[in-house]
Amino acid sequence: MLTWTDLTNKAVRLSRDTTPGTKIQLQQDMNTGYHLFNAKLSRYFSRKQQFADTVVDQHIYQTPLDCIRIIGMTMTVGNGVNQYKVPVKEIRSEYEWRQITSYNYSSNWQAFYIMLGNDSFDVWPTPSESVSQGIRFYYQQADHDLSVNDITNTSTGATLTVTNGSTLVTASNAIFTPNTKGLSLQLTSVNDLSWYEIIDVPTTSTIVLKSAFVGLSGGAQSFRIGQIPIIPQEYHDSLVNYALYLFFSSKGNTVRANQCLGLFKQAVDDAIEEYSSSSQSSIITDDSDYVNSWTITPLPGV
């Protein structure tokens, strides 16, 4: 994988222009290529899920801050042995939604939802009971500009202690901030150079990894913490190619510009073929013709 620092250094090196202004321009253009790549990929590779509490008599709910579009939703109804996780069908027609909701109805069994703008959704029937984490939705996440330079044992003067099977990592100095959350950690003093996503920062000297550490336990470990693009790692170079396309275009070097643009477009096409189809992706995408048997009316009760 390439971090934001890796990508920047590579773009500057290949441009053979080390002036500060060029570096800034290359970084801006890499972020433009990053957003374009993700938009073309439809973000199936990087989609996320989130839970929300179902609230009695509340039918409008907020989407996560980084949500571009909800892909699917289930709602939990009932409890104990009579608990069900019911798929909820999206309604995309405003006219059809008005027909459905013309009947004011409350139930603990939701059947439909509709997006309201880009930051909330409406469900029907109106929930008749509150359920902790009763709503599960998976969605396409927004990609944010890459901007965080690598944090290393050299830049901080700190080392790390890791334990096999544990998600907790401890630093010898207070080097972590709340902004460390969401970055990724790699130990550089071991043979296993796996990256681990950081999901929490309990203190300035401890972090929590998304996955348990699989290497050997040990202290005084050198490391780097970096910001990694959410696109598949084999296509990280495409961001550099897009920035170099614009760089060489501005220099009048049409041959190099077209070469870099061709590499970028080919990477996008390859990623779409490999990651966005239901047969190739690790995520099976829904078929628009699928019939949701749970939405058959009248609605069952629990």
# chains A, B, ... in the order shown; residues from 1 in each chain; ligands from 1

call {"tool": "select_by_dssp", "arguments": {"residues": "range 1-133 of chain A", "states": "alpha helix (DSSP H)", "output": "MDAnalysis selection string"}}
result
chainID A and resid 4:15 20:41 94:101

call {"tool": "residues_around", "arguments": {"residues": "range 149-161 of chain A", "least_positions_apart": "6", "cutoff": "8 Å", "atoms": "only C-alpha atoms", "output": "MDAnalysis selection string"}}
result
chainID A and resid 3:5 169:173 175 217:227

call {"tool": "closest_atom_pairs", "arguments": {"of": "range 116-204 of chain A", "to": "range 51-72 of chain A", "cutoff": "10 Å", "atoms": "only C-alpha atoms", "output": "JSON lines"}}
result
{"residue": "A:Leu116", "atom": "CA", "partner": "A:Ile60", "partner_atom": "CA", "distance": 8.7}
{"residue": "A:Asn118", "atom": "CA", "partner": "A:Ile68", "partner_atom": "CA", "distance": 7.0}
{"residue": "A:Asp119", "atom": "CA", "partner": "A:Thr63", "partner_atom": "CA", "distance": 5.2}
{"residue": "A:Ser120", "atom": "CA", "partner": "A:Gln62", "partner_atom": "CA", "distance": 4.2}
{"residue": "A:Phe121", "atom": "CA", "partner": "A:Tyr61", "partner_atom": "CA", "distance": 5.5}
{"residue": "A:Asp122", "atom": "CA", "partner": "A:Ile60", "partner_atom": "CA", "distance": 4.4}
{"residue": "A:Val123", "atom": "CA", "partner": "A:His59", "partner_atom": "CA", "distance": 5.2}
{"residue": "A:Trp124", "atom": "CA", "partner": "A:His59", "partner_atom": "CA", "distance": 6.9}
{"residue": "A:Pro125", "atom": "CA", "partner": "A:His59", "partner_atom": "CA", "distance": 7.7}
{"residue": "A:Thr126", "atom": "CA", "partner": "A:His59", "partner_atom": "CA", "distance": 5.1}
{"residue": "A:Pro127", "atom": "CA", "partner": "A:Val56", "partner_atom": "CA", "distance": 5.2}
{"residue": "A:Ser128", "atom": "CA", "partner": "A:Val56", "partner_atom": "CA", "distance": 5.0}
{"residue": "A:Glu129", "atom": "CA", "partner": "A:Val56", "partner_atom": "CA", "distance": 4.5}
{"residue": "A:Ser130", "atom": "CA", "partner": "A:Val55", "partner_atom": "CA", "distance": 4.4}
{"residue": "A:Val131", "atom": "CA", "partner": "A:Thr54", "partner_atom": "CA", "distance": 4.9}
{"residue": "A:Ser132", "atom": "CA", "partner": "A:Asp53", "partner_atom": "CA", "distance": 4.7}
{"residue": "A:Gln133", "atom": "CA", "partner": "A:Asp53", "partner_atom": "CA", "distance": 4.2}
{"residue": "A:Gly134", "atom": "CA", "partner": "A:Thr54", "partner_atom": "CA", "distance": 5.1}
{"residue": "A:Ile135", "atom": "CA", "partner": "A:Ala52", "partner_atom": "CA", "distance": 5.0}
{"residue": "A:Arg136", "atom": "CA", "partner": "A:Phe51", "partner_atom": "CA", "distance": 4.5}
{"residue": "A:Phe137", "atom": "CA", "partner": "A:Gly72", "partner_atom": "CA", "distance": 5.7}
{"residue": "A:Tyr138", "atom": "CA", "partner": "A:Gly72", "partner_atom": "CA", "distance": 5.6}
{"residue": "A:Tyr139", "atom": "CA", "partner": "A:Ile70", "partner_atom": "CA", "distance": 4.2}
{"residue": "A:Gln140", "atom": "CA", "partner": "A:Arg69", "partner_atom": "CA", "distance": 5.4}
{"residue": "A:Gln141", "atom": "CA", "partner": "A:Cys67", "partner_atom": "CA", "distance": 4.8}
{"residue": "A:Ala142", "atom": "CA", "partner": "A:Asp66", "partner_atom": "CA", "distance": 5.0}
{"residue": "A:Asp143", "atom": "CA", "partner": "A:Asp66", "partner_atom": "CA", "distance": 7.8}
{"residue": "A:His144", "atom": "CA", "partner": "A:Asp66", "partner_atom": "CA", "distance": 8.8}

call {"tool": "select_by_dssp", "arguments": {"residues": "range 77-290 of chain A", "states": "strand (DSSP E)", "output": "ChimeraX atom specification"}}
result
/A:77,84-90,106-107,112-116,120-124,126-127,131-141,151-152,160-162,168-171,184-187,195-203,206-209,218-221,223-226

call {"tool": "residues_around", "arguments": {"residues": "Thr177 in chain A", "least_positions_apart": "3", "cutoff": "9 Å", "atoms": "only C-alpha atoms", "output": "ChimeraX atom specification"}}
result
/A:174,180-181,201,203-205

call {"tool": "atom_distance", "arguments": {"atom1": "CA of Ile114 in chain A", "atom2": "CA of Tyr84 in chain A"}}
result
21.2 Å

call {"tool": "residues_around", "arguments": {"residues": "Ser15 in chain A", "least_positions_apart": "3", "cutoff": "12 Å", "atoms": "only C-alpha atoms", "output": "list in words"}}
result
Thr8, Asn9, Lys10, Ala11, Val12, Thr18, Thr19, Thr22, Lys23, Gln25, Leu26, Val240, Asn241, Tyr242, Ala243, Leu244, Tyr245, Leu246, Phe247, Phe248, Ser249, Ser250, Lys251, Asn253, Arg256, Ala257 and Cys260 of chain A

call {"tool": "residues_around", "arguments": {"residues": "Gly215 in chain A", "least_positions_apart": "2", "cutoff": "9 Å", "atoms": "only C-alpha atoms", "output": "MDAnalysis selection string"}}
result
chainID A and resid 162:165 190 192 213 217

call {"tool": "atom_distance", "arguments": {"atom1": "CA of Leu183 in chain A", "atom2": "CA of Ile199 in chain A"}}
result
8.1 Å

call {"tool": "residues_around", "arguments": {"residues": "range 230-237 of chain A", "least_positions_apart": "4", "cutoff": "9 Å", "atoms": "only C-alpha atoms", "output": "PyMOL selection string"}}
result
chain A and resi 1-3+7+10+34+37-38+41+43+45-46+143+241-242+264+267-268+271+275

call {"tool": "write_last_selection", "arguments": {"atoms": "C-alpha atoms", "output": "PDB file, in the first residue's frame"}}
result
ATOM      1  CA  MET A   1       0.000   0.000   0.000  1.00  0.00           C
ATOM      2  CA  LEU A   2       1.045   3.589  -0.574  1.00  0.00           C
ATOM      3  CA  THR A   3       0.451   6.291   2.017  1.00  0.00           C
ATOM      4  CA  LEU A   7       2.244   9.096  -3.232  1.00  0.00           C
ATOM      5  CA  LYS A  10       6.564   9.469  -6.006  1.00  0.00           C
ATOM      6  CA  TYR A  34      -8.760  10.118  -6.190  1.00  0.00           C
ATOM      7  CA  PHE A  37     -11.521   7.120  -9.418  1.00  0.00           C
ATOM      8  CA  ASN A  38     -13.899   6.488  -6.531  1.00  0.00           C
ATOM      9  CA  LEU A  41     -15.748   2.662  -9.090  1.00  0.00           C
ATOM     10  CA  ARG A  43     -17.419   2.763  -4.100  1.00  0.00           C
ATOM     11  CA  PHE A  45     -15.202  -1.834  -2.679  1.00  0.00           C
ATOM     12  CA  SER A  46     -15.227   0.594   0.235  1.00  0.00           C
ATOM     13  CA  ASP A 143     -13.902   9.967   0.137  1.00  0.00           C
ATOM     14  CA  ASN A 241      -0.613   9.108 -12.978  1.00  0.00           C
ATOM     15  CA  TYR A 242      -3.570  11.497 -12.971  1.00  0.00           C
ATOM     16  CA  PHE A 264      -5.173   6.262 -15.216  1.00  0.00           C
ATOM     17  CA  ALA A 267      -6.640   1.447 -14.002  1.00  0.00           C
ATOM     18  CA  VAL A 268     -10.200   2.741 -13.579  1.00  0.00           C
ATOM     19  CA  ALA A 271     -10.913  -1.725 -11.117  1.00  0.00           C
ATOM     20  CA  TYR A 275     -14.410  -4.867  -7.991  1.00  0.00           C
TER      21      TYR A 275
END
